[in-house]
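What's in protein16.tsv: TSV, N, CA and C atoms
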chain	number	residue	atom	x	y	z
F	1	THR	N	-50.07	20.74	-65.65
F	1	THR	CA	-48.71	21.03	-66.09
F	1	THR	C	-48.04	19.75	-66.59
F	2	ASP	N	-48.23	18.64	-65.82
F	2	ASP	CA	-47.63	17.37	-66.22
F	2	ASP	C	-48.16	16.92	-67.59
F	3	ASN	N	-49.45	17.09	-67.81
F	3	ASN	CA	-50.04	16.70	-69.09
F	3	ASN	C	-49.49	17.54	-70.24
F	4	THR	N	-49.32	18.83	-70.01
F	4	THR	CA	-48.78	19.72	-71.04
F	4	THR	C	-47.35	19.30	-71.39
F	5	GLU	N	-46.54	19.03	-70.36
F	5	GLU	CA	-45.17	18.59	-70.59
F	5	GLU	C	-45.13	17.25	-71.32
F	6	LEU	N	-46.01	16.34	-70.93
F	6	LEU	CA	-46.07	15.04	-71.57
F	6	LEU	C	-46.49	15.17	-73.04
F	7	ASN	N	-47.47	16.01	-73.32
F	7	ASN	CA	-47.91	16.24	-74.70
F	7	ASN	C	-46.78	16.84	-75.54
F	8	THR	N	-46.04	17.76	-74.97
F	8	THR	CA	-44.91	18.38	-75.68
F	8	THR	C	-43.85	17.33	-75.99
F	9	THR	N	-43.56	16.48	-75.01
F	9	THR	CA	-42.58	15.41	-75.19
F	9	THR	C	-43.03	14.45	-76.29
F	10	ILE	N	-44.30	14.09	-76.27
F	10	ILE	CA	-44.84	13.17	-77.28
F	10	ILE	C	-44.74	13.79	-78.68
F	11	LYS	N	-45.09	15.07	-78.80
F	11	LYS	CA	-44.99	15.74	-80.10
F	11	LYS	C	-43.54	15.77	-80.59
F	12	THR	N	-42.61	16.04	-79.70
F	12	THR	CA	-41.20	16.07	-80.06
F	12	THR	C	-40.73	14.70	-80.53
F	13	LEU	N	-41.09	13.67	-79.76
F	13	LEU	CA	-40.69	12.30	-80.12
F	13	LEU	C	-41.33	11.86	-81.44
F	14	ASN	N	-42.59	12.21	-81.66
F	14	ASN	CA	-43.25	11.87	-82.92
F	14	ASN	C	-42.57	12.56	-84.10
F	15	GLY	N	-42.19	13.81	-83.92
F	15	GLY	CA	-41.47	14.53	-84.98
F	15	GLY	C	-40.15	13.86	-85.31
F	16	LYS	N	-39.40	13.45	-84.28
F	16	LYS	CA	-38.12	12.77	-84.50
F	16	LYS	C	-38.34	11.42	-85.17
F	17	LEU	N	-39.39	10.71	-84.77
F	17	LEU	CA	-39.71	9.42	-85.38
F	17	LEU	C	-40.05	9.58	-86.86
F	18	GLU	N	-40.85	10.58	-87.19
F	18	GLU	CA	-41.20	10.84	-88.59
F	18	GLU	C	-39.96	11.17	-89.41
F	19	GLU	N	-39.07	11.97	-88.84
F	19	GLU	CA	-37.84	12.34	-89.54
F	19	GLU	C	-36.98	11.09	-89.78
F	20	ARG	N	-36.82	10.26	-88.76
F	20	ARG	CA	-36.02	9.03	-88.89
F	20	ARG	C	-36.64	8.07	-89.90
F	21	ASN	N	-37.96	7.96	-89.88
F	21	ASN	CA	-38.65	7.09	-90.85
F	21	ASN	C	-38.42	7.57	-92.28
F	22	ALA	N	-38.48	8.87	-92.48
F	22	ALA	CA	-38.25	9.43	-93.82
F	22	ALA	C	-36.82	9.14	-94.28
F	23	LEU	N	-35.86	9.28	-93.38
F	23	LEU	CA	-34.47	8.99	-93.72
F	23	LEU	C	-34.31	7.50	-94.04
F	24	TYR	N	-34.90	6.65	-93.23
F	24	TYR	CA	-34.83	5.21	-93.45
F	24	TYR	C	-35.45	4.83	-94.80
F	25	MET	N	-36.60	5.38	-95.11
F	25	MET	CA	-37.27	5.08	-96.38
F	25	MET	C	-36.41	5.53	-97.56
F	26	ALA	N	-35.71	6.63	-97.41
F	26	ALA	CA	-34.82	7.09	-98.48
F	26	ALA	C	-33.65	6.13	-98.68
F	27	ILE	N	-33.13	5.60	-97.58
F	27	ILE	CA	-31.99	4.69	-97.65
F	27	ILE	C	-32.38	3.35	-98.28
F	28	VAL	N	-33.53	2.83	-97.91
F	28	VAL	CA	-33.93	1.50	-98.41
F	28	VAL	C	-34.61	1.56	-99.77
F	29	ASN	N	-34.82	2.73	-100.32
F	29	ASN	CA	-35.41	2.87	-101.64
F	29	ASN	C	-34.53	2.13	-102.66
F	30	PRO	N	-35.12	1.28	-103.51
F	30	PRO	CA	-34.32	0.52	-104.48
F	30	PRO	C	-33.54	1.38	-105.47
F	31	ASP	N	-33.91	2.62	-105.64
F	31	ASP	CA	-33.20	3.52	-106.55
F	31	ASP	C	-32.03	4.24	-105.88
F	32	THR	N	-31.86	4.03	-104.59
F	32	THR	CA	-30.79	4.68	-103.84
F	32	THR	C	-29.49	3.89	-104.00
F	33	GLU	N	-28.42	4.60	-104.36
F	33	GLU	CA	-27.10	3.99	-104.51
F	33	GLU	C	-26.25	4.35	-103.30
F	34	GLN	N	-25.47	3.39	-102.83
F	34	GLN	CA	-24.62	3.60	-101.66
F	34	GLN	C	-23.17	3.77	-102.10
F	35	TYR	N	-22.51	4.77	-101.54
F	35	TYR	CA	-21.10	5.03	-101.81
F	35	TYR	C	-20.36	5.19	-100.49
F	36	ILE	N	-19.21	4.56	-100.39
F	36	ILE	CA	-18.39	4.65	-99.19
F	36	ILE	C	-17.25	5.62	-99.44
F	37	LEU	N	-17.14	6.64	-98.60
F	37	LEU	CA	-16.03	7.58	-98.68
F	37	LEU	C	-15.06	7.22	-97.57
F	38	LYS	N	-13.90	6.67	-97.94
F	38	LYS	CA	-12.88	6.28	-96.97
F	38	LYS	C	-11.85	7.38	-96.86
F	39	GLY	N	-11.38	7.60	-95.64
F	39	GLY	CA	-10.41	8.64	-95.39
F	39	GLY	C	-9.11	8.42	-96.13
F	40	ASN	N	-8.47	9.51	-96.50
F	40	ASN	CA	-7.17	9.42	-97.17
F	40	ASN	C	-6.05	9.42	-96.12
F	41	SER	N	-4.82	9.60	-96.54
F	41	SER	CA	-3.68	9.52	-95.61
F	41	SER	C	-3.72	10.59	-94.52
F	42	SER	N	-4.39	11.70	-94.76
F	42	SER	CA	-4.47	12.75	-93.73
F	42	SER	C	-5.50	12.43	-92.65
F	43	LEU	N	-6.44	11.52	-92.93
F	43	LEU	CA	-7.47	11.14	-91.95
F	43	LEU	C	-7.91	9.69	-92.24
F	44	PRO	N	-6.99	8.73	-92.07
F	44	PRO	CA	-7.27	7.36	-92.48
F	44	PRO	C	-8.41	6.68	-91.73
F	45	GLU	N	-8.74	7.14	-90.54
F	45	GLU	CA	-9.81	6.51	-89.76
F	45	GLU	C	-11.21	6.97	-90.18
F	46	ALA	N	-11.29	7.95	-91.06
F	46	ALA	CA	-12.59	8.49	-91.51
F	46	ALA	C	-13.29	7.51	-92.44
F	47	LYS	N	-14.59	7.42	-92.28
F	47	LYS	CA	-15.42	6.61	-93.18
F	47	LYS	C	-16.82	7.18	-93.16
F	48	ILE	N	-17.32	7.57	-94.32
F	48	ILE	CA	-18.65	8.15	-94.45
F	48	ILE	C	-19.41	7.30	-95.46
F	49	VAL	N	-20.64	6.97	-95.12
F	49	VAL	CA	-21.49	6.25	-96.05
F	49	VAL	C	-22.47	7.26	-96.62
F	50	SER	N	-22.51	7.33	-97.95
F	50	SER	CA	-23.44	8.26	-98.60
F	50	SER	C	-24.48	7.46	-99.38
F	51	TYR	N	-25.68	8.01	-99.43
F	51	TYR	CA	-26.80	7.40	-100.14
F	51	TYR	C	-27.31	8.42	-101.14
F	52	VAL	N	-27.20	8.11	-102.43
F	52	VAL	CA	-27.57	9.04	-103.49
F	52	VAL	C	-28.73	8.45	-104.29
F	53	ASN	N	-29.77	9.25	-104.45
F	53	ASN	CA	-30.91	8.82	-105.26
F	53	ASN	C	-31.15	9.90	-106.31
F	54	HIS	N	-30.85	9.56	-107.57
F	54	HIS	CA	-30.98	10.54	-108.65
F	54	HIS	C	-32.43	10.78	-109.04
F	55	LYS	N	-33.31	9.81	-108.78
F	55	LYS	CA	-34.72	9.99	-109.12
F	55	LYS	C	-35.40	10.95	-108.16
F	56	THR	N	-35.12	10.81	-106.86
F	56	THR	CA	-35.74	11.71	-105.88
F	56	THR	C	-34.86	12.93	-105.61
F	57	LYS	N	-33.68	12.95	-106.25
F	57	LYS	CA	-32.73	14.05	-106.08
F	57	LYS	C	-32.40	14.29	-104.60
F	58	SER	N	-31.91	13.22	-103.96
F	58	SER	CA	-31.58	13.32	-102.55
F	58	SER	C	-30.22	12.69	-102.26
F	59	VAL	N	-29.56	13.22	-101.25
F	59	VAL	CA	-28.29	12.69	-100.76
F	59	VAL	C	-28.38	12.65	-99.24
F	60	LEU	N	-28.11	11.48	-98.68
F	60	LEU	CA	-28.02	11.32	-97.23
F	60	LEU	C	-26.63	10.82	-96.91
F	61	ILE	N	-26.12	11.21	-95.74
F	61	ILE	CA	-24.81	10.70	-95.32
F	61	ILE	C	-24.88	10.23	-93.88
F	62	ASN	N	-24.11	9.18	-93.62
F	62	ASN	CA	-23.93	8.67	-92.27
F	62	ASN	C	-22.51	9.02	-91.86
F	63	THR	N	-22.38	9.87	-90.85
F	63	THR	CA	-21.07	10.39	-90.44
F	63	THR	C	-20.59	9.80	-89.12
F	64	GLU	N	-21.16	8.68	-88.74
F	64	GLU	CA	-20.85	8.06	-87.45
F	64	GLU	C	-19.35	7.81	-87.28
F	65	ARG	N	-18.65	7.51	-88.37
F	65	ARG	CA	-17.22	7.20	-88.28
F	65	ARG	C	-16.35	8.34	-88.80
F	66	LEU	N	-16.84	9.56	-88.64
F	66	LEU	CA	-16.09	10.75	-89.00
F	66	LEU	C	-15.52	11.34	-87.72
F	67	PRO	N	-14.18	11.41	-87.58
F	67	PRO	CA	-13.59	11.93	-86.34
F	67	PRO	C	-14.06	13.35	-86.02
F	68	GLU	N	-14.18	13.63	-84.73
F	68	GLU	CA	-14.62	14.96	-84.29
F	68	GLU	C	-13.54	15.99	-84.59
F	69	LEU	N	-14.00	17.20	-84.88
F	69	LEU	CA	-13.11	18.33	-85.11
F	69	LEU	C	-13.22	19.31	-83.95
F	70	ASP	N	-12.24	20.20	-83.85
F	70	ASP	CA	-12.32	21.25	-82.83
F	70	ASP	C	-13.40	22.26	-83.20
F	71	ALA	N	-13.68	23.17	-82.30
F	71	ALA	CA	-14.77	24.14	-82.50
F	71	ALA	C	-14.49	25.11	-83.65
F	72	ASP	N	-13.23	25.24	-84.07
F	72	ASP	CA	-12.87	26.20	-85.12
F	72	ASP	C	-12.97	25.64	-86.54
F	73	HIS	N	-13.35	24.35	-86.66
F	73	HIS	CA	-13.39	23.72	-87.99
F	73	HIS	C	-14.64	22.88	-88.17
F	74	ASP	N	-15.05	22.75	-89.41
F	74	ASP	CA	-16.17	21.90	-89.79
F	74	ASP	C	-15.78	21.08	-91.02
F	75	TYR	N	-16.46	19.95	-91.16
F	75	TYR	CA	-16.38	19.21	-92.42
F	75	TYR	C	-17.39	19.82	-93.37
F	76	GLN	N	-17.05	19.86	-94.64
F	76	GLN	CA	-17.95	20.38	-95.66
F	76	GLN	C	-17.93	19.43	-96.85
F	77	MET	N	-19.10	19.20	-97.44
F	77	MET	CA	-19.21	18.27	-98.57
F	77	MET	C	-19.35	19.05	-99.87
F	78	TRP	N	-18.73	18.52	-100.91
F	78	TRP	CA	-18.69	19.16	-102.22
F	78	TRP	C	-19.00	18.14	-103.30
F	79	ALA	N	-19.63	18.59	-104.37
F	79	ALA	CA	-19.85	17.78	-105.56
F	79	ALA	C	-18.97	18.35	-106.67
F	80	ASP	N	-18.26	17.48	-107.34
F	80	ASP	CA	-17.45	17.90	-108.48
F	80	ASP	C	-18.28	17.73	-109.74
F	81	VAL	N	-18.57	18.85	-110.40
F	81	VAL	CA	-19.31	18.85	-111.66
F	81	VAL	C	-18.42	19.49	-112.71
F	82	GLU	N	-17.93	18.67	-113.61
F	82	GLU	CA	-17.05	19.13	-114.69
F	82	GLU	C	-15.90	19.98	-114.17
F	83	GLY	N	-15.26	19.53	-113.09
F	83	GLY	CA	-14.10	20.21	-112.54
F	83	GLY	C	-14.41	21.34	-111.58
F	84	GLU	N	-15.67	21.68	-111.40
F	84	GLU	CA	-16.05	22.74	-110.46
F	84	GLU	C	-16.62	22.11	-109.19
F	85	MET	N	-16.08	22.52	-108.05
F	85	MET	CA	-16.55	22.00	-106.77
F	85	MET	C	-17.73	22.86	-106.30
F	86	ILE	N	-18.88	22.20	-106.09
F	86	ILE	CA	-20.11	22.88	-105.70
F	86	ILE	C	-20.47	22.46	-104.28
F	87	ASN	N	-20.76	23.43	-103.45
F	87	ASN	CA	-21.07	23.22	-102.04
F	87	ASN	C	-22.34	22.39	-101.87
F	88	MET	N	-22.24	21.31	-101.11
F	88	MET	CA	-23.41	20.50	-100.77
F	88	MET	C	-23.87	20.75	-99.33
F	89	GLY	N	-23.05	21.47	-98.57
F	89	GLY	CA	-23.42	21.82	-97.21
F	89	GLY	C	-22.35	21.47	-96.20
F	90	VAL	N	-22.48	22.09	-95.03
F	90	VAL	CA	-21.61	21.82	-93.89
F	90	VAL	C	-22.18	20.62	-93.14
F	91	ILE	N	-21.32	19.72	-92.75
F	91	ILE	CA	-21.74	18.52	-92.05
F	91	ILE	C	-21.92	18.84	-90.57
F	92	SER	N	-23.10	18.55	-90.06
F	92	SER	CA	-23.43	18.84	-88.67
F	92	SER	C	-22.56	18.03	-87.71
F	93	LYS	N	-22.16	18.66	-86.62
F	93	LYS	CA	-21.36	17.98	-85.61
F	93	LYS	C	-22.21	17.13	-84.67
F	94	ASN	N	-23.53	17.32	-84.69
F	94	ASN	CA	-24.36	16.60	-83.73
F	94	ASN	C	-25.39	15.67	-84.37
F	95	LYS	N	-25.21	15.33	-85.64
F	95	LYS	CA	-26.09	14.39	-86.31
F	95	LYS	C	-25.25	13.30	-86.97
F	96	ASN	N	-25.65	12.05	-86.81
F	96	ASN	CA	-24.94	10.96	-87.48
F	96	ASN	C	-25.51	10.67	-88.85
F	97	LEU	N	-26.78	11.00	-89.06
F	97	LEU	CA	-27.43	10.76	-90.34
F	97	LEU	C	-28.10	12.06	-90.75
F	98	MET	N	-27.73	12.57	-91.91
F	98	MET	CA	-28.28	13.85	-92.32
F	98	MET	C	-28.39	13.96	-93.83
F	99	ALA	N	-29.28	14.83	-94.27
F	99	ALA	CA	-29.46	15.10	-95.69
F	99	ALA	C	-28.52	16.22	-96.12
F	100	MET	N	-27.98	16.07	-97.32
F	100	MET	CA	-27.13	17.09	-97.92
F	100	MET	C	-27.82	17.57	-99.19
F	101	THR	N	-27.35	18.66	-99.75
F	101	THR	CA	-27.92	19.20	-100.99
F	101	THR	C	-27.56	18.29	-102.16
F	102	TYR	N	-28.55	17.93	-102.94
F	102	TYR	CA	-28.32	17.12	-104.14
F	102	TYR	C	-27.84	18.05	-105.26
F	103	ILE	N	-26.78	17.64	-105.95
F	103	ILE	CA	-26.23	18.40	-107.07
F	103	ILE	C	-26.29	17.50	-108.31
F	104	ALA	N	-27.05	17.93	-109.32
F	104	ALA	CA	-27.19	17.14	-110.54
F	104	ALA	C	-25.85	17.06	-111.28
F	105	HIS	N	-25.62	15.94	-111.93
F	105	HIS	CA	-24.45	15.70	-112.77
F	105	HIS	C	-23.13	15.65	-111.99
F	106	ALA	N	-23.20	15.39	-110.69
F	106	ALA	CA	-21.98	15.28	-109.90
F	106	ALA	C	-21.18	14.07	-110.36
F	107	GLU	N	-19.88	14.26	-110.51
F	107	GLU	CA	-18.98	13.18	-110.90
F	107	GLU	C	-18.36	12.52	-109.67
F	108	SER	N	-18.24	13.28	-108.58
F	108	SER	CA	-17.69	12.74	-107.35
F	108	SER	C	-18.23	13.52	-106.15
F	109	LEU	N	-18.14	12.89	-104.99
F	109	LEU	CA	-18.46	13.52	-103.71
F	109	LEU	C	-17.15	13.69	-102.96
F	110	ASN	N	-16.98	14.84	-102.31
F	110	ASN	CA	-15.72	15.17	-101.66
F	110	ASN	C	-16.00	15.82	-100.31
F	111	ILE	N	-15.13	15.56	-99.34
F	111	ILE	CA	-15.26	16.19	-98.04
F	111	ILE	C	-13.94	16.82	-97.66
F	112	THR	N	-14.03	18.08	-97.25
F	112	THR	CA	-12.85	18.83	-96.82
F	112	THR	C	-13.05	19.33	-95.40
F	113	ILE	N	-11.97	19.74	-94.77
F	113	ILE	CA	-12.03	20.42	-93.48
F	113	ILE	C	-11.93	21.91	-93.77
F	114	GLU	N	-12.91	22.65	-93.26
F	114	GLU	CA	-13.00	24.09	-93.52
F	114	GLU	C	-13.13	24.86	-92.20
F	115	PRO	N	-12.94	26.19	-92.23
F	115	PRO	CA	-13.20	26.98	-91.03
F	115	PRO	C	-14.65	26.79	-90.59
F	116	ALA	N	-14.90	26.92	-89.30
F	116	ALA	CA	-16.25	26.75	-88.75
F	116	ALA	C	-17.26	27.56	-89.54
F	117	GLY	N	-18.38	26.94	-89.88
F	117	GLY	CA	-19.41	27.59	-90.67
F	117	GLY	C	-19.30	27.34	-92.16
F	118	GLY	N	-18.19	26.77	-92.60
F	118	GLY	CA	-18.02	26.44	-94.01
F	118	GLY	C	-17.29	27.52	-94.79
F	119	ASN	N	-17.11	27.22	-96.07
F	119	ASN	CA	-16.33	28.08	-96.94
F	119	ASN	C	-17.03	28.19	-98.28
F	120	ASP	N	-16.75	29.28	-99.03
F	120	ASP	CA	-17.31	29.44	-100.37
F	120	ASP	C	-16.62	28.55	-101.39
F	121	HIS	N	-15.35	28.27	-101.15
F	121	HIS	CA	-14.55	27.44	-102.05
F	121	HIS	C	-13.82	26.40	-101.21
F	122	PRO	N	-13.67	25.19	-101.73
F	122	PRO	CA	-13.04	24.14	-100.94
F	122	PRO	C	-11.55	24.38	-100.73
F	123	THR	N	-11.08	24.00	-99.56
F	123	THR	CA	-9.66	24.01	-99.28
F	123	THR	C	-9.15	22.64	-99.71
F	124	VAL	N	-8.74	22.53	-100.96
F	124	VAL	CA	-8.39	21.25	-101.56
F	124	VAL	C	-7.24	20.57	-100.80
F	125	ALA	N	-6.35	21.35	-100.23
F	125	ALA	CA	-5.25	20.78	-99.45
F	125	ALA	C	-5.77	20.06	-98.20
F	126	ARG	N	-6.99	20.36	-97.79
F	126	ARG	CA	-7.58	19.73	-96.61
F	126	ARG	C	-8.67	18.72	-96.99
F	127	LEU	N	-8.57	18.17	-98.20
F	127	LEU	CA	-9.48	17.12	-98.64
F	127	LEU	C	-9.18	15.88	-97.81
F	128	VAL	N	-10.22	15.30	-97.19
F	128	VAL	CA	-10.03	14.12	-96.35
F	128	VAL	C	-10.58	12.85	-96.97
F	129	THR	N	-11.52	12.98	-97.89
F	129	THR	CA	-12.08	11.79	-98.55
F	129	THR	C	-12.87	12.19	-99.78
F	130	ASN	N	-12.96	11.26	-100.71
F	130	ASN	CA	-13.80	11.46	-101.89
F	130	ASN	C	-14.16	10.11	-102.49
F	131	VAL	N	-15.19	10.12	-103.32
F	131	VAL	CA	-15.59	8.92	-104.03
F	131	VAL	C	-16.17	9.34	-105.38
F	132	TYR	N	-15.85	8.56	-106.42
F	132	TYR	CA	-16.40	8.83	-107.75
F	132	TYR	C	-17.74	8.12	-107.88
F	133	LEU	N	-18.69	8.81	-108.48
F	133	LEU	CA	-20.02	8.24	-108.69
F	133	LEU	C	-20.05	7.47	-109.99
F	134	ARG	N	-20.89	6.44	-110.02
F	134	ARG	CA	-21.01	5.62	-111.23
F	134	ARG	C	-21.81	6.35	-112.27
Starting from the file, give its structure as structure tokens.
Amino acid sequence: TDNTELNTTIKTLNGKLEERNALYMAIVNPDTEQYILKGNSSLPEAKIVSYVNHKTKSVLINTERLPELDADHDYQMWADVEGEMINMGVISKNKNLMAMTYIAHAESLNITIEPAGGNDHPTVARLVTNVYLR
């Protein structure tokens, strides 16, 4: 029984290590661009670091400095493409580093506070941060 539990633990840890290594490799890739999303007046303490790689079509975010929300709300990320906000995904409450959906031709990255589980359309009045892409 001890060996089975130990093997399960090792497999779990190896999986987490592989996931972290993949995230790290994406961040240090020379084609990856870093963007800082600083909180606006409604959430000035917020700071999100985003990593965008147009060649691999990937977006990673570090949400370590994103204030916690209550159980009824989530942060959601959006890409602005020619004035249309496209959902990039709901930001997990229990991960500091996570992948988001890559959206081609995004002009900016935006984060709003939405009802738990996310929304089909952004609540622009609850925009907490954004950054324009180069």
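Every residue of segment 20-62 of chain F with a DSSP assignment of strand (DSSP E), taken from the backbone, is listed as Glu33, Gln34, Tyr35, Ile36, Leu37, Lys38, Lys47, Ile48, Val49, Ser50, Tyr51, Val52, Asn53, Ser58, Val59, Leu60, Ile61 and Asn62 of chain F.
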_Point-to-point distance in Å for atom N of Met25 of chain F and atom CA of Ser58 of chain F_ = 12.0 Å
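Closest approach to Lys47 of chain F among F:Asn62, F:Asn87, F:Asn130, F:Gln34 is made by F:Asn62 (distances from all atoms listed in the file).
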_Exercise: segment 98-107 of chain F partners within 12 Å, only C-alpha atoms, chain neighbours under 5 positions left out, as a ChimeraX atom specification_ = /F:19-20,22-24,26-27,48-64,76-93,130-134
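With only N, CA and C atoms as the atoms that count, the residue of F:Leu43, F:Tyr75, F:Asn21, F:Pro67 with the shortest distance to Asn119 of chain F is F:Tyr75.
Distance-wise, atom C of Asn110 of chain F and atom C of Glu18 of chain F end up 26.7 Å apart.
Between atom N of Leu66 of chain F and atom C of Thr123 of chain F the interatomic distance comes to 18.8 Å.
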*Name the residues of chain F that fall into helix (DSSP H, G or I) according to DSSP on the backbone, using the chain letters and numbers of this document, as an MDAnalysis selection string.*
chainID F and resid 2:28 124:126
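Minimum atom-to-atom distance to Asp70 of chain F, evaluated using only N, CA and C atoms, belongs to F:Ala116 out of F:Leu37, F:Pro30, F:Ala116, F:Lys95.
For the choices F:Asp72, F:Leu17, F:Asn3, F:Val128, the atom-to-atom distance to Pro44 of chain F is smallest for F:Val128 when using only N, CA and C atoms.
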*asked:* Counting all atoms listed in the file, which residues have an atom no more than 6 Å from (-11.7, 17.0, -96.0) in the file's coordinates? Please list them as a ChimeraX atom specification.
replied: /F:111-113,126-129
Would you output that residue set with N, CA and C atoms, as an mmCIF file, in the coordinates of the input?
data_model
loop_
_atom_site.group_PDB
_atom_site.id
_atom_site.type_symbol
_atom_site.label_atom_id
_atom_site.label_comp_id
_atom_site.auth_asym_id
_atom_site.auth_seq_id
_atom_site.Cartn_x
_atom_site.Cartn_y
_atom_site.Cartn_z
ATOM 1 N N ILE F 111 -15.130 15.560 -99.340
ATOM 2 C CA ILE F 111 -15.260 16.190 -98.040
ATOM 3 C C ILE F 111 -13.940 16.820 -97.660
ATOM 4 N N THR F 112 -14.030 18.080 -97.250
ATOM 5 C CA THR F 112 -12.850 18.830 -96.820
ATOM 6 C C THR F 112 -13.050 19.330 -95.400
ATOM 7 N N ILE F 113 -11.970 19.740 -94.770
ATOM 8 C CA ILE F 113 -12.030 20.420 -93.480
ATOM 9 C C ILE F 113 -11.930 21.910 -93.770
ATOM 10 N N ARG F 126 -6.990 20.360 -97.790
ATOM 11 C CA ARG F 126 -7.580 19.730 -96.610
ATOM 12 C C ARG F 126 -8.670 18.720 -96.990
ATOM 13 N N LEU F 127 -8.570 18.170 -98.200
ATOM 14 C CA LEU F 127 -9.480 17.120 -98.640
ATOM 15 C C LEU F 127 -9.180 15.880 -97.810
ATOM 16 N N VAL F 128 -10.220 15.300 -97.190
ATOM 17 C CA VAL F 128 -10.030 14.120 -96.350
ATOM 18 C C VAL F 128 -10.580 12.850 -96.970
ATOM 19 N N THR F 129 -11.520 12.980 -97.890
ATOM 20 C CA THR F 129 -12.080 11.790 -98.550
ATOM 21 C C THR F 129 -12.870 12.190 -99.780
#
